[in-house]
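Data block for target22.pdb (PDB, C-alpha atoms):
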```
MODEL        1
ATOM      1  CA  MET A   1     -65.409  30.900 114.127
ATOM      2  CA  THR A   2     -65.872  28.227 111.528
ATOM      3  CA  GLN A   3     -63.736  25.198 112.232
ATOM      4  CA  PRO A   4     -61.703  23.843 109.320
ATOM      5  CA  PRO A   5     -63.002  20.543 108.003
ATOM      6  CA  THR A   6     -61.465  17.488 109.538
ATOM      7  CA  LEU A   7     -59.563  15.444 107.018
ATOM      8  CA  PRO A   8     -60.169  11.700 107.140
ATOM      9  CA  ALA A   9     -57.301   9.649 108.451
ATOM     10  CA  PRO A  10     -55.372   7.795 105.751
ATOM     11  CA  PRO A  11     -56.305   4.119 105.492
ATOM     12  CA  ARG A  12     -54.129   1.803 107.553
ATOM     13  CA  ARG A  13     -51.653  -0.211 105.534
ATOM     14  CA  VAL A  14     -52.309  -3.932 105.555
ATOM     15  CA  THR A  15     -49.263  -5.732 106.972
ATOM     16  CA  SER A  16     -47.923  -9.247 106.882
ATOM     17  CA  ILE A  17     -49.178  -9.661 110.455
ATOM     18  CA  ASP A  18     -52.750  -9.090 109.226
ATOM     19  CA  VAL A  19     -52.249 -11.684 106.492
ATOM     20  CA  SER A  20     -50.786 -14.216 108.923
ATOM     21  CA  ARG A  21     -53.838 -13.838 111.195
ATOM     22  CA  GLU A  22     -56.263 -14.081 108.261
ATOM     23  CA  ALA A  23     -54.546 -17.186 106.852
ATOM     24  CA  GLY A  24     -53.860 -18.769 110.244
ATOM     25  CA  VAL A  25     -50.130 -19.124 109.598
ATOM     26  CA  SER A  26     -46.944 -17.616 111.009
ATOM     27  CA  GLN A  27     -45.570 -14.299 109.787
ATOM     28  CA  SER A  28     -42.489 -16.106 108.462
ATOM     29  CA  ALA A  29     -44.776 -18.298 106.333
ATOM     30  CA  VAL A  30     -46.214 -15.137 104.766
ATOM     31  CA  SER A  31     -42.698 -13.961 103.956
ATOM     32  CA  ARG A  32     -41.787 -17.326 102.390
ATOM     33  CA  ALA A  33     -44.973 -17.313 100.301
ATOM     34  CA  PHE A  34     -43.820 -14.123  98.551
ATOM     35  CA  THR A  35     -40.164 -15.149  98.205
ATOM     36  CA  PRO A  36     -39.343 -17.018  94.956
ATOM     37  CA  GLY A  37     -37.710 -20.364  95.691
ATOM     38  CA  ALA A  38     -38.487 -20.346  99.420
ATOM     39  CA  ARG A  39     -39.472 -23.635 101.069
ATOM     40  CA  ILE A  40     -43.221 -23.666 101.705
ATOM     41  CA  SER A  41     -45.948 -26.180 100.967
ATOM     42  CA  PRO A  42     -48.288 -25.475  98.043
ATOM     43  CA  GLN A  43     -51.282 -25.565 100.381
ATOM     44  CA  THR A  44     -49.808 -22.975 102.754
ATOM     45  CA  ARG A  45     -48.739 -20.729  99.886
ATOM     46  CA  ARG A  46     -52.257 -20.858  98.456
ATOM     47  CA  ARG A  47     -53.807 -19.946 101.838
ATOM     48  CA  VAL A  48     -51.456 -16.993 102.192
ATOM     49  CA  LEU A  49     -52.055 -15.705  98.666
ATOM     50  CA  GLU A  50     -55.833 -15.991  99.033
ATOM     51  CA  ALA A  51     -55.734 -14.127 102.351
ATOM     52  CA  ALA A  52     -53.507 -11.450 100.848
ATOM     53  CA  GLU A  53     -55.930 -10.956  97.952
ATOM     54  CA  ARG A  54     -58.908 -10.631 100.307
ATOM     55  CA  LEU A  55     -57.114  -8.011 102.389
ATOM     56  CA  GLY A  56     -55.502  -6.167  99.506
ATOM     57  CA  TYR A  57     -52.003  -6.878 100.812
ATOM     58  CA  HIS A  58     -48.877  -6.121  98.758
ATOM     59  CA  PRO A  59     -45.463  -7.112 100.111
ATOM     60  CA  ASN A  60     -42.991  -4.339 100.899
ATOM     61  CA  ALA A  61     -40.112  -4.975  98.498
ATOM     62  CA  ILE A  62     -37.773  -2.544 100.277
ATOM     63  CA  ALA A  63     -38.336  -4.148 103.683
ATOM     64  CA  ARG A  64     -37.838  -7.598 102.190
ATOM     65  CA  SER A  65     -34.567  -6.519 100.568
ATOM     66  CA  LEU A  66     -33.260  -5.352 103.953
ATOM     67  CA  SER A  67     -33.975  -8.729 105.533
ATOM     68  CA  THR A  68     -32.843 -10.917 102.622
ATOM     69  CA  ARG A  69     -30.046  -8.621 101.389
ATOM     70  CA  ARG A  70     -31.412  -9.218  97.871
ATOM     71  CA  SER A  71     -33.311  -6.364  96.255
ATOM     72  CA  GLY A  72     -33.593  -7.733  92.723
ATOM     73  CA  ILE A  73     -32.827  -4.206  91.461
ATOM     74  CA  VAL A  74     -30.361  -3.582  88.637
ATOM     75  CA  ALA A  75     -29.422   0.053  87.936
ATOM     76  CA  LEU A  76     -29.390   1.134  84.286
ATOM     77  CA  ILE A  77     -27.266   4.285  83.959
ATOM     78  CA  VAL A  78     -27.520   6.206  80.706
ATOM     79  CA  GLY A  79     -26.117   9.538  79.618
ATOM     80  CA  ASP A  80     -27.592  10.103  76.143
ATOM     81  CA  LEU A  81     -31.278   9.580  75.443
ATOM     82  CA  HIS A  82     -31.123  11.617  72.206
ATOM     83  CA  ASN A  83     -29.894   8.531  70.372
ATOM     84  CA  PRO A  84     -32.991   6.363  69.667
ATOM     85  CA  PHE A  85     -30.879   3.224  69.991
ATOM     86  CA  TYR A  86     -30.594   3.591  73.753
ATOM     87  CA  PRO A  87     -34.289   3.975  74.659
ATOM     88  CA  GLN A  88     -34.781   0.824  72.581
ATOM     89  CA  ALA A  89     -31.924  -0.926  74.388
ATOM     90  CA  LEU A  90     -33.180   0.218  77.804
ATOM     91  CA  SER A  91     -36.685  -1.058  77.078
ATOM     92  CA  GLN A  92     -35.439  -4.478  76.005
ATOM     93  CA  MET A  93     -33.034  -4.668  78.939
ATOM     94  CA  ALA A  94     -35.834  -3.847  81.398
ATOM     95  CA  GLN A  95     -38.038  -6.536  79.834
ATOM     96  CA  ALA A  96     -35.232  -9.085  80.075
ATOM     97  CA  LEU A  97     -34.717  -8.242  83.761
ATOM     98  CA  GLU A  98     -38.462  -8.527  84.361
ATOM     99  CA  ALA A  99     -38.440 -12.017  82.849
ATOM    100  CA  ARG A 100     -35.759 -12.951  85.412
ATOM    101  CA  GLY A 101     -37.795 -11.626  88.327
ATOM    102  CA  GLN A 102     -35.650  -8.497  88.644
ATOM    103  CA  ARG A 103     -36.418  -4.789  88.331
ATOM    104  CA  ALA A 104     -34.687  -1.986  86.454
ATOM    105  CA  LEU A 105     -33.817   1.304  88.157
ATOM    106  CA  LEU A 106     -33.174   3.974  85.503
ATOM    107  CA  LEU A 107     -30.763   6.784  86.357
ATOM    108  CA  THR A 108     -29.673   9.469  83.921
ATOM    109  CA  HIS A 109     -26.098  10.658  84.147
ATOM    110  CA  ASP A 110     -24.868  14.187  83.475
ATOM    111  CA  ALA A 111     -21.659  13.817  81.470
ATOM    112  CA  ARG A 112     -20.229  16.891  83.222
ATOM    113  CA  ARG A 113     -20.189  15.015  86.527
ATOM    114  CA  ASP A 114     -18.255  12.006  87.746
ATOM    115  CA  VAL A 115     -20.127   8.781  86.971
ATOM    116  CA  GLN A 116     -19.086   7.601  90.440
ATOM    117  CA  GLU A 117     -21.663  10.008  91.917
ATOM    118  CA  THR A 118     -24.436   8.338  89.937
ATOM    119  CA  LEU A 119     -23.212   4.891  90.953
ATOM    120  CA  ASP A 120     -23.158   5.927  94.616
ATOM    121  CA  ALA A 121     -26.721   7.226  94.284
ATOM    122  CA  ALA A 122     -27.772   3.894  92.783
ATOM    123  CA  ARG A 123     -26.174   1.920  95.603
ATOM    124  CA  ALA A 124     -28.474   3.682  98.075
ATOM    125  CA  TYR A 125     -31.288   1.556  96.584
ATOM    126  CA  GLN A 126     -29.524  -1.690  97.521
ATOM    127  CA  ILE A 127     -28.875  -2.504  93.858
ATOM    128  CA  GLU A 128     -27.458  -5.891  92.932
ATOM    129  CA  ALA A 129     -25.632  -4.657  89.818
ATOM    130  CA  ALA A 130     -25.212  -1.610  87.591
ATOM    131  CA  ILE A 131     -25.141  -1.467  83.798
ATOM    132  CA  VAL A 132     -23.586   1.696  82.347
ATOM    133  CA  PHE A 133     -24.713   2.621  78.839
ATOM    134  CA  PRO A 134     -22.420   4.813  76.711
ATOM    135  CA  THR A 135     -21.613   8.034  78.478
ATOM    136  CA  ARG A 136     -18.442   9.960  79.068
ATOM    137  CA  LEU A 137     -16.711   8.381  82.033
ATOM    138  CA  THR A 138     -14.874  11.209  83.752
ATOM    139  CA  SER A 139     -13.925   9.071  86.720
ATOM    140  CA  THR A 140     -10.735   7.065  86.540
ATOM    141  CA  PRO A 141     -11.129   3.346  85.807
ATOM    142  CA  PRO A 142      -9.793   2.327  89.271
ATOM    143  CA  THR A 143     -12.748   4.170  90.814
ATOM    144  CA  LEU A 144     -15.161   1.985  88.879
ATOM    145  CA  GLY A 145     -13.158  -1.019  89.970
ATOM    146  CA  ASP A 146     -13.599  -0.001  93.600
ATOM    147  CA  VAL A 147     -17.372  -0.114  93.140
ATOM    148  CA  ALA A 148     -17.182  -3.619  91.723
ATOM    149  CA  ARG A 149     -14.961  -4.775  94.597
ATOM    150  CA  GLY A 150     -17.534  -3.362  97.015
ATOM    151  CA  GLY A 151     -19.895  -6.145  95.994
ATOM    152  CA  VAL A 152     -21.804  -4.363  93.225
ATOM    153  CA  PRO A 153     -20.676  -5.520  89.781
ATOM    154  CA  VAL A 154     -20.542  -2.773  87.158
ATOM    155  CA  LEU A 155     -20.874  -3.683  83.479
ATOM    156  CA  LEU A 156     -20.258  -1.362  80.528
ATOM    157  CA  PHE A 157     -22.814  -1.939  77.756
ATOM    158  CA  ASN A 158     -21.633  -1.193  74.214
ATOM    159  CA  ARG A 159     -18.714   0.635  75.742
ATOM    160  CA  ARG A 160     -15.191  -0.366  76.658
ATOM    161  CA  LEU A 161     -12.186   1.131  78.385
ATOM    162  CA  PRO A 162      -9.064  -0.225  76.684
ATOM    163  CA  GLY A 163      -6.414  -1.566  79.018
ATOM    164  CA  HIS A 164      -8.693  -1.905  82.035
ATOM    165  CA  ASP A 165     -10.121  -5.089  83.508
ATOM    166  CA  LEU A 166     -13.801  -4.121  83.580
ATOM    167  CA  LEU A 167     -16.892  -6.101  82.630
ATOM    168  CA  SER A 168     -17.928  -5.081  79.128
ATOM    169  CA  VAL A 169     -20.343  -6.357  76.473
ATOM    170  CA  ALA A 170     -20.349  -4.487  73.174
ATOM    171  CA  CYS A 171     -20.945  -4.651  69.468
ATOM    172  CA  ASP A 172     -17.697  -5.068  67.553
ATOM    173  CA  ASN A 173     -17.625  -1.418  66.518
ATOM    174  CA  HIS A 174     -14.137  -1.641  65.010
ATOM    175  CA  ALA A 175     -15.155  -4.488  62.718
ATOM    176  CA  GLY A 176     -18.336  -2.575  61.848
ATOM    177  CA  GLY A 177     -16.295   0.456  60.812
ATOM    178  CA  ARG A 178     -14.166  -1.735  58.554
ATOM    179  CA  LEU A 179     -17.274  -3.261  56.999
ATOM    180  CA  ALA A 180     -18.714   0.213  56.282
ATOM    181  CA  ALA A 181     -15.509   1.237  54.468
ATOM    182  CA  GLN A 182     -15.416  -2.000  52.488
ATOM    183  CA  LEU A 183     -19.036  -1.650  51.359
ATOM    184  CA  LEU A 184     -18.699   2.006  50.343
ATOM    185  CA  TYR A 185     -15.423   1.356  48.515
ATOM    186  CA  GLY A 186     -17.046  -1.596  46.775
ATOM    187  CA  SER A 187     -19.846   0.695  45.587
ATOM    188  CA  GLY A 188     -17.246   2.677  43.640
ATOM    189  CA  ALA A 189     -16.740   5.510  46.121
ATOM    190  CA  ARG A 190     -13.263   7.029  46.430
ATOM    191  CA  ARG A 191     -13.994  10.264  48.328
ATOM    192  CA  LEU A 192     -15.298   8.874  51.588
ATOM    193  CA  ALA A 193     -16.198  10.932  54.658
ATOM    194  CA  PHE A 194     -16.973   9.930  58.230
ATOM    195  CA  VAL A 195     -19.465  12.036  60.200
ATOM    196  CA  GLY A 196     -18.642  11.078  63.768
ATOM    197  CA  GLY A 197     -20.416  11.204  67.111
ATOM    198  CA  ASP A 198     -19.084  12.158  70.523
ATOM    199  CA  PRO A 199     -15.296  11.938  70.062
ATOM    200  CA  ASP A 200     -14.775  11.001  73.733
ATOM    201  CA  THR A 201     -16.681   7.706  73.474
ATOM    202  CA  SER A 202     -15.256   4.334  72.518
ATOM    203  CA  THR A 203     -18.131   3.743  70.078
ATOM    204  CA  HIS A 204     -17.061   6.748  67.980
ATOM    205  CA  GLN A 205     -13.359   5.972  68.285
ATOM    206  CA  ASP A 206     -13.670   2.299  67.375
ATOM    207  CA  ARG A 207     -15.926   2.924  64.369
ATOM    208  CA  LEU A 208     -13.609   5.625  63.034
ATOM    209  CA  ARG A 209     -10.514   3.519  63.669
ATOM    210  CA  GLY A 210     -11.988   0.569  61.769
ATOM    211  CA  PHE A 211     -13.195   2.790  58.911
ATOM    212  CA  ALA A 212      -9.944   4.699  58.491
ATOM    213  CA  GLY A 213      -7.868   1.556  58.963
ATOM    214  CA  TRP A 214      -9.575  -0.305  56.122
ATOM    215  CA  LEU A 215      -9.257   2.713  53.818
ATOM    216  CA  ALA A 216      -5.545   3.000  54.652
ATOM    217  CA  GLU A 217      -5.060  -0.589  53.534
ATOM    218  CA  ALA A 218      -6.730   0.389  50.236
ATOM    219  CA  GLY A 219      -4.409   3.388  49.871
ATOM    220  CA  LEU A 220      -6.999   6.006  50.861
ATOM    221  CA  SER A 221      -7.935   8.131  53.855
ATOM    222  CA  PRO A 222     -11.229   9.844  54.752
ATOM    223  CA  VAL A 223     -11.607  13.207  53.026
ATOM    224  CA  ALA A 224     -13.041  14.489  56.320
ATOM    225  CA  ALA A 225     -14.000  13.123  59.739
ATOM    226  CA  PRO A 226     -15.827  15.825  61.740
ATOM    227  CA  ALA A 227     -17.160  14.728  65.133
ATOM    228  CA  ARG A 228     -19.384  16.252  67.782
ATOM    229  CA  ALA A 229     -22.465  14.309  68.881
ATOM    230  CA  PHE A 230     -24.595  11.252  68.109
ATOM    231  CA  GLN A 231     -27.516  13.504  67.142
ATOM    232  CA  TYR A 232     -29.646  14.265  64.085
ATOM    233  CA  ASP A 233     -28.925  18.004  64.032
ATOM    234  CA  TRP A 234     -25.204  17.321  64.009
ATOM    235  CA  GLY A 235     -25.555  15.011  61.003
ATOM    236  CA  VAL A 236     -27.338  17.794  59.123
ATOM    237  CA  GLN A 237     -24.872  20.516  60.136
ATOM    238  CA  ALA A 238     -21.748  18.466  59.465
ATOM    239  CA  THR A 239     -22.934  17.595  55.951
ATOM    240  CA  LEU A 240     -23.800  21.202  55.125
ATOM    241  CA  ASP A 241     -20.438  22.355  56.507
ATOM    242  CA  LEU A 242     -18.541  19.801  54.411
ATOM    243  CA  HIS A 243     -20.146  21.054  51.222
ATOM    244  CA  ALA A 244     -19.730  24.714  52.195
ATOM    245  CA  ALA A 245     -16.006  23.990  52.559
ATOM    246  CA  GLY A 246     -15.871  22.592  49.028
ATOM    247  CA  GLU A 247     -15.850  18.911  49.953
ATOM    248  CA  ARG A 248     -18.197  16.776  47.872
ATOM    249  CA  PRO A 249     -17.793  13.230  49.153
ATOM    250  CA  ASP A 250     -19.223  10.403  47.084
ATOM    251  CA  ALA A 251     -19.868   8.330  50.214
ATOM    252  CA  ILE A 252     -20.583   9.164  53.865
ATOM    253  CA  PHE A 253     -20.468   6.846  56.874
ATOM    254  CA  GLY A 254     -22.614   8.206  59.706
ATOM    255  CA  ALA A 255     -21.311   7.179  63.135
ATOM    256  CA  ASN A 256     -24.829   6.033  63.986
ATOM    257  CA  ASP A 257     -28.208   5.862  62.270
ATOM    258  CA  ILE A 258     -29.603   9.113  63.634
ATOM    259  CA  VAL A 259     -26.505  10.970  62.388
ATOM    260  CA  ALA A 260     -26.834   9.237  59.001
ATOM    261  CA  ILE A 261     -30.505  10.236  58.794
ATOM    262  CA  GLY A 262     -29.416  13.839  59.340
ATOM    263  CA  VAL A 263     -26.864  13.359  56.555
ATOM    264  CA  LEU A 264     -29.600  12.139  54.194
ATOM    265  CA  ASP A 265     -31.837  15.127  54.906
ATOM    266  CA  ALA A 266     -28.940  17.544  54.374
ATOM    267  CA  LEU A 267     -28.087  15.896  51.052
ATOM    268  CA  ARG A 268     -31.709  16.396  49.982
ATOM    269  CA  LEU A 269     -31.422  20.095  50.834
ATOM    270  CA  LEU A 270     -28.251  20.265  48.737
ATOM    271  CA  GLY A 271     -29.912  18.568  45.784
ATOM    272  CA  ARG A 272     -27.554  15.594  45.809
ATOM    273  CA  ARG A 273     -29.069  12.252  44.799
ATOM    274  CA  VAL A 274     -28.709   9.182  47.008
ATOM    275  CA  PRO A 275     -27.309   6.714  46.083
ATOM    276  CA  GLU A 276     -26.610   7.840  42.485
ATOM    277  CA  GLU A 277     -24.244  10.674  43.504
ATOM    278  CA  VAL A 278     -23.420   9.769  47.079
ATOM    279  CA  SER A 279     -23.821   6.578  49.116
ATOM    280  CA  VAL A 280     -24.710   6.697  52.816
ATOM    281  CA  ILE A 281     -24.464   4.041  55.516
ATOM    282  CA  GLY A 282     -25.301   4.170  59.217
ATOM    283  CA  PHE A 283     -24.799   2.062  62.312
ATOM    284  CA  ASP A 284     -27.144   0.656  65.024
ATOM    285  CA  GLY A 285     -30.254  -0.615  63.225
ATOM    286  CA  ILE A 286     -32.863   1.655  64.838
ATOM    287  CA  GLN A 287     -36.460   1.443  63.626
ATOM    288  CA  GLU A 288     -36.344   4.911  62.075
ATOM    289  CA  ALA A 289     -33.648   3.759  59.634
ATOM    290  CA  GLY A 290     -36.177   1.525  57.906
ATOM    291  CA  ARG A 291     -38.795   4.240  57.374
ATOM    292  CA  VAL A 292     -39.966   4.706  53.791
ATOM    293  CA  ALA A 293     -38.447   8.195  53.666
ATOM    294  CA  TYR A 294     -34.938   6.898  54.454
ATOM    295  CA  GLN A 295     -34.462   3.179  53.732
ATOM    296  CA  LEU A 296     -30.996   3.544  55.222
ATOM    297  CA  THR A 297     -28.424   0.832  54.717
ATOM    298  CA  THR A 298     -26.973   0.164  58.151
ATOM    299  CA  ILE A 299     -24.995  -2.176  60.384
ATOM    300  CA  ARG A 300     -27.388  -3.430  63.035
ATOM    301  CA  GLN A 301     -26.234  -4.138  66.548
ATOM    302  CA  PRO A 302     -27.352  -7.616  67.753
ATOM    303  CA  LEU A 303     -29.194  -6.118  70.701
ATOM    304  CA  GLU A 304     -30.956  -9.254  71.911
ATOM    305  CA  ALA A 305     -27.754 -11.309  71.952
ATOM    306  CA  MET A 306     -25.838  -8.483  73.658
ATOM    307  CA  ILE A 307     -28.468  -8.182  76.418
ATOM    308  CA  GLU A 308     -28.520 -11.935  77.002
ATOM    309  CA  ASP A 309     -24.734 -11.947  77.232
ATOM    310  CA  ALA A 310     -24.685  -8.953  79.598
ATOM    311  CA  LEU A 311     -27.070 -10.640  82.037
ATOM    312  CA  ARG A 312     -25.098 -13.870  81.772
ATOM    313  CA  VAL A 313     -21.913 -11.971  82.659
ATOM    314  CA  LEU A 314     -23.592 -10.373  85.686
ATOM    315  CA  ASP A 315     -24.575 -13.830  86.948
ATOM    316  CA  ASP A 316     -20.860 -14.629  87.156
ATOM    317  CA  PRO A 317     -19.081 -11.239  87.256
ATOM    318  CA  ARG A 318     -15.447 -12.208  86.737
ATOM    319  CA  PRO A 319     -13.536  -9.994  84.293
ATOM    320  CA  ASP A 320     -11.893 -12.185  81.667
ATOM    321  CA  GLY A 321      -9.371  -9.770  80.236
ATOM    322  CA  GLY A 322     -11.383  -7.814  77.697
ATOM    323  CA  PRO A 323     -14.775  -6.822  76.327
ATOM    324  CA  ARG A 324     -17.101  -9.486  74.964
ATOM    325  CA  LEU A 325     -17.700  -8.402  71.373
ATOM    326  CA  HIS A 326     -20.658  -9.274  69.131
ATOM    327  CA  PRO A 327     -20.489  -8.822  65.341
ATOM    328  CA  GLY A 328     -22.890  -6.376  63.707
ATOM    329  CA  GLU A 329     -25.319  -7.463  60.974
ATOM    330  CA  LEU A 330     -25.491  -5.722  57.596
ATOM    331  CA  ILE A 331     -28.997  -4.481  56.713
ATOM    332  CA  TRP A 332     -28.957  -3.628  53.002
ATOM    333  CA  ARG A 333     -31.522  -1.110  51.850
ATOM    334  CA  GLY A 334     -31.406   1.710  49.282
ATOM    335  CA  THR A 335     -28.702   4.219  50.205
ATOM    336  CA  VAL A 336     -25.592   2.471  48.861
ATOM    337  CA  ARG A 337     -24.951   2.034  45.140
ATOM    338  CA  GLY A 338     -24.847  -1.387  43.622
ATOM    339  CA  ALA A 339     -26.083  -4.784  44.743
ATOM    340  CA  PRO A 340     -25.674  -6.255  48.240
ATOM    341  CA  PRO A 341     -22.496  -8.296  48.735
TER     342      PRO A 341
ENDMDL
END
```

Using structure tokens, write down the structure that the file contains.
Amino acid sequence: MTQPPTLPAPPRRVTSIDVSREAGVSQSAVSRAFTPGARISPQTRRRVLEAAERLGYHPNAIARSLSTRRSGIVALIVGDLHNPFYPQALSQMAQALEARGQRALLLTHDARRDVQETLDAARAYQIEAAIVFPTRLTSTPPTLGDVARGGVPVLLFNRRLPGHDLLSVACDNHAGGRLAAQLLYGSGARRLAFVGGDPDTSTHQDRLRGFAGWLAEAGLSPVAAPARAFQYDWGVQATLDLHAAGERPDAIFGANDIVAIGVLDALRLLGRRVPEEVSVIGFDGIQEAGRVAYQLTTIRQPLEAMIEDALRVLDDPRPDGGPRLHPGELIWRGTVRGAPP
């Protein structure tokens, strides 16, 4: 009977003991050589690093985290990757963590489940902090507070929970909604509509509240404010539905840029001219908004400043009574009538 071929044994992993022998130093010196800020002479560090390179040694980050109780891992929890703003935000956040010598652990969250389950899963990786990007939080705020009190600070990014003492860094979505109303009104529009996103998120609620609030002060109210999702297809469908119902707004505020881009494409299908017949404005400042086919006027979130502030808050995670808000920046392009203010 033919014997099955013998598989070669897997190569033995090079350990810190091997490096210590090669470099002629203690095993603890090897550990210090790979630990930022540890006390070790330049000469010894160089000997260790040269020995490690010769042997092909790579330190075990998980083992080191168990001994130092510092993993350098920050969990990034996100529930909606359909919105192009959040892949962009995640990429920049990961780069900012990398520059600090930390690593990002990305976890996607199913909005139908309790966010506490995702946080518990993240804690199994010895995370040092968690940043929650906009998603429906079905858990009660005290549950999130329990996680923070357990030694893992949790920060809400571009999201807030009114009335609860949680770490939060966000764009000033309410002020952005007011600015959108002011700009559209100033363009001559009087039949203004809001095409919203997920109605259970603070980003949608704050933008609508600011928009409707400014219009109320001017003696108006939105002719319609349908809401479902921060997605392109919804922007298209909502616009078509508005016109099928007999509404012909002369201005539309999309709850975010991808919704507003859907609005623009639907208006093209309907034969309505932008901005001559109807003005459109979005929110976020994603790259797609500046494409030649759209040239969308939008309110850009100051992403870099928000990320810097979020990491600064995590360095000293003490809730200070409310979200830290950053003003949006108007990007004037070609979808609103008139000249920029």

Proximity to A:Arg268 - best of A:Gln301, A:Gln295, A:Gln88, A:Thr239, all atoms listed in the file: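 Result for the nearest residue to A:Arg268: A:Thr239.
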
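Taking all atoms listed in the file into account, A:Gly210 lies nearest to A:Phe253 out of the set A:Phe253, A:Gly246, A:Ala229, A:Gln92.
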
On this file, the PyMOL selection byres ((chain A and resi 52) around 10) gives some set of residues; write that set as a count of residues only. 22

List the residues selected by the PyMOL selection byres ((chain A and resi 93-105) around 10) in the file shown, writing them as a ChimeraX atom specification. /A:36,71-77,87-92,106-107,122,125,127-128,130-131,303-304,306-308,310-311

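Between atom CA of A:Arg248 and atom CA of A:Val278 the separation is 8.8 Å.
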
Between atom CA of A:Asp316 and atom CA of A:Val132, measure the distance and give it in Å to one decimal.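 Separation between atom CA of A:Asp316 and atom CA of A:Val132: 17.2 Å.
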
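The two atoms in question, atom CA of A:Gly219 and atom CA of A:Pro249, are spaced 16.6 Å apart.
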
Can you list, as a PyMOL selection string, every protein, DNA or RNA residue that comes within 7 Å of A:Arg324 when you count all atoms listed in the file, leaving out same-chain residues fewer than 4 positions away? chain A and resi 168-170

Applying 12 Å and all atoms listed in the file, which residues near A:Ala251 remain after dropping the ones on its own chain fewer than 2 positions away? List them as a tab-separated table (two decimals) with C-alpha atoms, in the coordinates of the input.
```
chain	number	residue	atom	x	y	z
A	180	ALA	CA	-18.71	0.21	56.28
A	181	ALA	CA	-15.51	1.24	54.47
A	182	GLN	CA	-15.42	-2.00	52.49
A	183	LEU	CA	-19.04	-1.65	51.36
A	184	LEU	CA	-18.70	2.01	50.34
A	185	TYR	CA	-15.42	1.36	48.52
A	186	GLY	CA	-17.05	-1.60	46.78
A	187	SER	CA	-19.85	0.70	45.59
A	188	GLY	CA	-17.25	2.68	43.64
A	189	ALA	CA	-16.74	5.51	46.12
A	190	ARG	CA	-13.26	7.03	46.43
A	191	ARG	CA	-13.99	10.26	48.33
A	192	LEU	CA	-15.30	8.87	51.59
A	193	ALA	CA	-16.20	10.93	54.66
A	194	PHE	CA	-16.97	9.93	58.23
A	195	VAL	CA	-19.46	12.04	60.20
A	222	PRO	CA	-11.23	9.84	54.75
A	223	VAL	CA	-11.61	13.21	53.03
A	224	ALA	CA	-13.04	14.49	56.32
A	239	THR	CA	-22.93	17.60	55.95
A	247	GLU	CA	-15.85	18.91	49.95
A	248	ARG	CA	-18.20	16.78	47.87
A	249	PRO	CA	-17.79	13.23	49.15
A	253	PHE	CA	-20.47	6.85	56.87
A	254	GLY	CA	-22.61	8.21	59.71
A	260	ALA	CA	-26.83	9.24	59.00
A	263	VAL	CA	-26.86	13.36	56.56
A	264	LEU	CA	-29.60	12.14	54.19
A	267	LEU	CA	-28.09	15.90	51.05
A	272	ARG	CA	-27.55	15.59	45.81
A	273	ARG	CA	-29.07	12.25	44.80
A	274	VAL	CA	-28.71	9.18	47.01
A	275	PRO	CA	-27.31	6.71	46.08
A	276	GLU	CA	-26.61	7.84	42.48
A	277	GLU	CA	-24.24	10.67	43.50
A	278	VAL	CA	-23.42	9.77	47.08
A	279	SER	CA	-23.82	6.58	49.12
A	280	VAL	CA	-24.71	6.70	52.82
A	281	ILE	CA	-24.46	4.04	55.52
A	282	GLY	CA	-25.30	4.17	59.22
A	335	THR	CA	-28.70	4.22	50.20
A	336	VAL	CA	-25.59	2.47	48.86
A	337	ARG	CA	-24.95	2.03	45.14
```

Selection result for the PyMOL selection byres ((chain A and resi 330-333) around 6) on this file, as a list in words: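 That selection, the PyMOL selection byres ((chain A and resi 330-333) around 6), comes back as Gln295, Leu296, Thr297, Thr298, Ile299, Glu329 and Gly334 of chain A.
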
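Residue nearest A:Ile286 within the list A:Ala244, A:Val259, A:Leu270, A:Leu208: A:Val259 [criterion: smallest interatomic distance, only C-alpha atoms].
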
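The protein and nucleic acid residues lying at most 9 Å from A:Trp214 are Gly177, Arg178, Leu179, Ala181, Gln182, Arg209, Gly210, Phe211, Ala212, Ala216, Glu217, Ala218, Gly219, Leu220 and Ser221 of chain A, with all atoms listed in the file considered and sequence neighbours fewer than 2 positions away removed.
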
Which residue of A:Gly213, A:His243, A:Leu166, A:Asp257 approaches A:Gly271 most closely, using all atoms listed in the file: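 Under the stated criterion, the closest residue is A:His243.
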
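Among the candidate residues A:His82, A:Gln231, A:Pro153, A:Gln27, the one lying nearest to A:Leu167 is A:Pro153, with distances computed using only C-alpha atoms.
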
Please return the centre and edge lengths, in Å to one decimal, of a box with edges along x, y and z that contains all listed atoms of stretch 243-259 of chain A, widened by 3 Å on every side, as JSON.
```
{"center_x": -22.7, "center_y": 15.3, "center_z": 55.5, "size_x": 19.8, "size_y": 24.9, "size_z": 22.9}
```

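Of the listed residues A:Asp172, A:Asp315, A:Ile258, A:Pro226, the one whose atoms come nearest to A:Gly328 is A:Asp172, with distances taken using all atoms listed in the file.
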